[in-house]
Amino acid sequence: MVARKVFARPVSLKDVATHFCPGCQHGVVHRLVAETLDHFNAAGRTIGVASVGCSVFLYDYFDINVVEAPHGRAPAVATGVKRVHKNSLVFTYQGDGDLAAIGTSEIIHAANRGEGLTVIFVNNTTYGMTGGQMAPTTLPGQRTTTSSAGRNTASDGHPIRMAELLATLDGTAYSARVAVDSPGHVLEAGKAIRRAFGYQVEGRGFAFVEVLTTCPTNWGMDPVAANRRIAAEVIPFFPLGTFVDRSGDER
C-alpha cells in the first residue's frame, strides 16, 4: 500500500511553532484563512491588515504582506490599501476589543460604504491580550477582571451582536457567524470564510465573518471546558448562521 499525504500545512502559512495559549483557537482560524488563500492561489497578491490584541500576530504566521493598523483602525487602513491596490485581496483580522469597542465607527462605516474588503472577526467574549477585561461581546453575567460579579446589563449594557448589526447596512454584501468548537463547525466556518473572500474576488463588496472562539486562559478553564462553553453558553447567545447574503447563489 502506497502512503498518501491527506493533510498538510497550507502554503500561505509559515512553518513556525505557535506561541498562542493552549486551547486558543486563533491557530484554527489562521488555517481556515490560509486554506482559502491557497484555494484562490492568492497569497502573492494578498495584503492582511492586523489589529491590536492577540490578532496582531498575523504577520508571524502568514506568508503574505501585512500592514499593522492602530488600535481599532484596521478597516480604515484596509480601505486605503484596497483603493490603492485594487487588484489585491485585502482583509482585516480583528478581535472583539479592537473591532467592536474602539473600532466600532471604522467597521460600521467601512461596511456602510460597501468597501471591497473581507473582515475576519474573532470573538472570544473577552480582552485576551491585556488581561481578560470585559469586552463589548462579554455575555450577561460573565465574570471578567473588570466585571468580577458578572456583566450587569443594567449598568454595563448588553453584548453587541456584530454580525446582525452589520447585516442591516446596505453596503454589506455578506455577514455570517460561525464557530470552531467542533469538526462540523470548523468545516462550516471554512465554507463561510471562502465565501467571504470569494465575494471580494468577484467584486461584490464588503464581506464579514464572525468566528466564535475560546480563550481558556482568561476564562479560567482548561481547553476542553472552554470548548464546551462555546456550545453551552456562547452559541445560544450568538446564534450561528448567515444574516445577509446579497448573492443567493451556491458555491
# chains A, B, ... in the order shown; residues from 1 in each chain; ligands from 1

call {"tool": "select_by_dssp", "arguments": {"residues": "region 101-242 of chain A", "states": "alpha helix (DSSP H)", "output": "PyMOL selection string"}}
result
chain A and resi 104-113+153-156+162-167+183-201+216-219+223-229+235-237

call {"tool": "residues_around", "arguments": {"residues": "Val16 (chain A)", "least_positions_apart": "2", "cutoff": "10 Å", "atoms": "only C-alpha atoms", "output": "MDAnalysis selection string"}}
result
chainID A and resid 13:14 18:19 60:62

call {"tool": "residues_around", "arguments": {"residues": "His109 (chain A)", "least_positions_apart": "6", "cutoff": "9 Å", "atoms": "only C-alpha atoms", "output": "PyMOL selection string"}}
result
chain A and resi 75-76+115

call {"tool": "closest_atom_pairs", "arguments": {"of": "region 75-168 of chain A", "to": "region 198-208 of chain A", "cutoff": "7 Å", "atoms": "only C-alpha atoms", "output": "CSV"}}
result
residue,atom,partner,partner_atom,distance
A:Ala111,CA,A:Phe206,CA,5.8
A:Gly114,CA,A:Phe206,CA,5.0
A:Glu115,CA,A:Phe206,CA,5.2
A:Gly116,CA,A:Gly205,CA,4.3
A:Leu117,CA,A:Phe206,CA,5.1
A:Thr118,CA,A:Ala207,CA,4.9
A:Val119,CA,A:Phe208,CA,4.8
A:Ile120,CA,A:Phe208,CA,6.2

call {"tool": "select_by_dssp", "arguments": {"residues": "region 135-217 of chain A", "states": "strand (DSSP E or B)", "output": "number ranges by chain"}}
result
A: 144, 147, 172-179, 206-212

call {"tool": "write_last_selection", "arguments": {"atoms": "N, CA and C atoms", "output": "PDB file, in the first residue's frame"}}
result
ATOM      1  N   THR A 144     -15.294  38.780  34.463  1.00  0.00           N
ATOM      2  CA  THR A 144     -14.010  39.158  33.877  1.00  0.00           C
ATOM      3  C   THR A 144     -13.241  39.947  34.924  1.00  0.00           C
ATOM      4  N   SER A 147     -15.341  42.892  35.574  1.00  0.00           N
ATOM      5  CA  SER A 147     -16.736  42.617  35.970  1.00  0.00           C
ATOM      6  C   SER A 147     -16.706  41.381  36.870  1.00  0.00           C
ATOM      7  N   THR A 172     -23.288  46.074   3.108  1.00  0.00           N
ATOM      8  CA  THR A 172     -22.780  44.745   3.457  1.00  0.00           C
ATOM      9  C   THR A 172     -23.323  43.703   2.491  1.00  0.00           C
ATOM     10  N   ALA A 173     -22.414  43.036   1.790  1.00  0.00           N
ATOM     11  CA  ALA A 173     -22.833  42.004   0.844  1.00  0.00           C
ATOM     12  C   ALA A 173     -22.994  40.651   1.519  1.00  0.00           C
ATOM     13  N   TYR A 174     -22.217  40.428   2.588  1.00  0.00           N
ATOM     14  CA  TYR A 174     -22.241  39.118   3.245  1.00  0.00           C
ATOM     15  C   TYR A 174     -21.878  39.289   4.703  1.00  0.00           C
ATOM     16  N   SER A 175     -22.684  38.705   5.579  1.00  0.00           N
ATOM     17  CA  SER A 175     -22.394  38.716   7.013  1.00  0.00           C
ATOM     18  C   SER A 175     -22.835  37.393   7.607  1.00  0.00           C
ATOM     19  N   ALA A 176     -21.903  36.716   8.274  1.00  0.00           N
ATOM     20  CA  ALA A 176     -22.196  35.400   8.832  1.00  0.00           C
ATOM     21  C   ALA A 176     -21.476  35.237  10.159  1.00  0.00           C
ATOM     22  N   ARG A 177     -22.013  34.332  10.980  1.00  0.00           N
ATOM     23  CA  ARG A 177     -21.337  33.960  12.231  1.00  0.00           C
ATOM     24  C   ARG A 177     -21.132  32.450  12.235  1.00  0.00           C
ATOM     25  N   VAL A 178     -19.918  32.043  12.592  1.00  0.00           N
ATOM     26  CA  VAL A 178     -19.554  30.632  12.632  1.00  0.00           C
ATOM     27  C   VAL A 178     -18.824  30.357  13.944  1.00  0.00           C
ATOM     28  N   ALA A 179     -18.503  29.105  14.185  1.00  0.00           N
ATOM     29  CA  ALA A 179     -17.744  28.713  15.371  1.00  0.00           C
ATOM     30  C   ALA A 179     -16.757  27.632  14.970  1.00  0.00           C
ATOM     31  N   PHE A 206     -18.469  44.424   0.552  1.00  0.00           N
ATOM     32  CA  PHE A 206     -17.996  44.153   1.905  1.00  0.00           C
ATOM     33  C   PHE A 206     -18.498  42.805   2.413  1.00  0.00           C
ATOM     34  N   ALA A 207     -17.574  41.992   2.962  1.00  0.00           N
ATOM     35  CA  ALA A 207     -17.942  40.674   3.478  1.00  0.00           C
ATOM     36  C   ALA A 207     -17.358  40.492   4.871  1.00  0.00           C
ATOM     37  N   PHE A 208     -18.156  39.939   5.767  1.00  0.00           N
ATOM     38  CA  PHE A 208     -17.817  39.870   7.189  1.00  0.00           C
ATOM     39  C   PHE A 208     -18.110  38.485   7.731  1.00  0.00           C
ATOM     40  N   VAL A 209     -17.131  37.894   8.432  1.00  0.00           N
ATOM     41  CA  VAL A 209     -17.339  36.604   9.085  1.00  0.00           C
ATOM     42  C   VAL A 209     -16.916  36.725  10.545  1.00  0.00           C
ATOM     43  N   GLU A 210     -17.856  36.490  11.445  1.00  0.00           N
ATOM     44  CA  GLU A 210     -17.579  36.462  12.879  1.00  0.00           C
ATOM     45  C   GLU A 210     -17.345  35.009  13.291  1.00  0.00           C
ATOM     46  N   VAL A 211     -16.236  34.776  13.996  1.00  0.00           N
ATOM     47  CA  VAL A 211     -15.885  33.418  14.414  1.00  0.00           C
ATOM     48  C   VAL A 211     -15.871  33.355  15.940  1.00  0.00           C
ATOM     49  N   LEU A 212     -16.720  32.520  16.509  1.00  0.00           N
ATOM     50  CA  LEU A 212     -16.745  32.327  17.961  1.00  0.00           C
ATOM     51  C   LEU A 212     -15.604  31.399  18.354  1.00  0.00           C
TER      52      LEU A 212
END
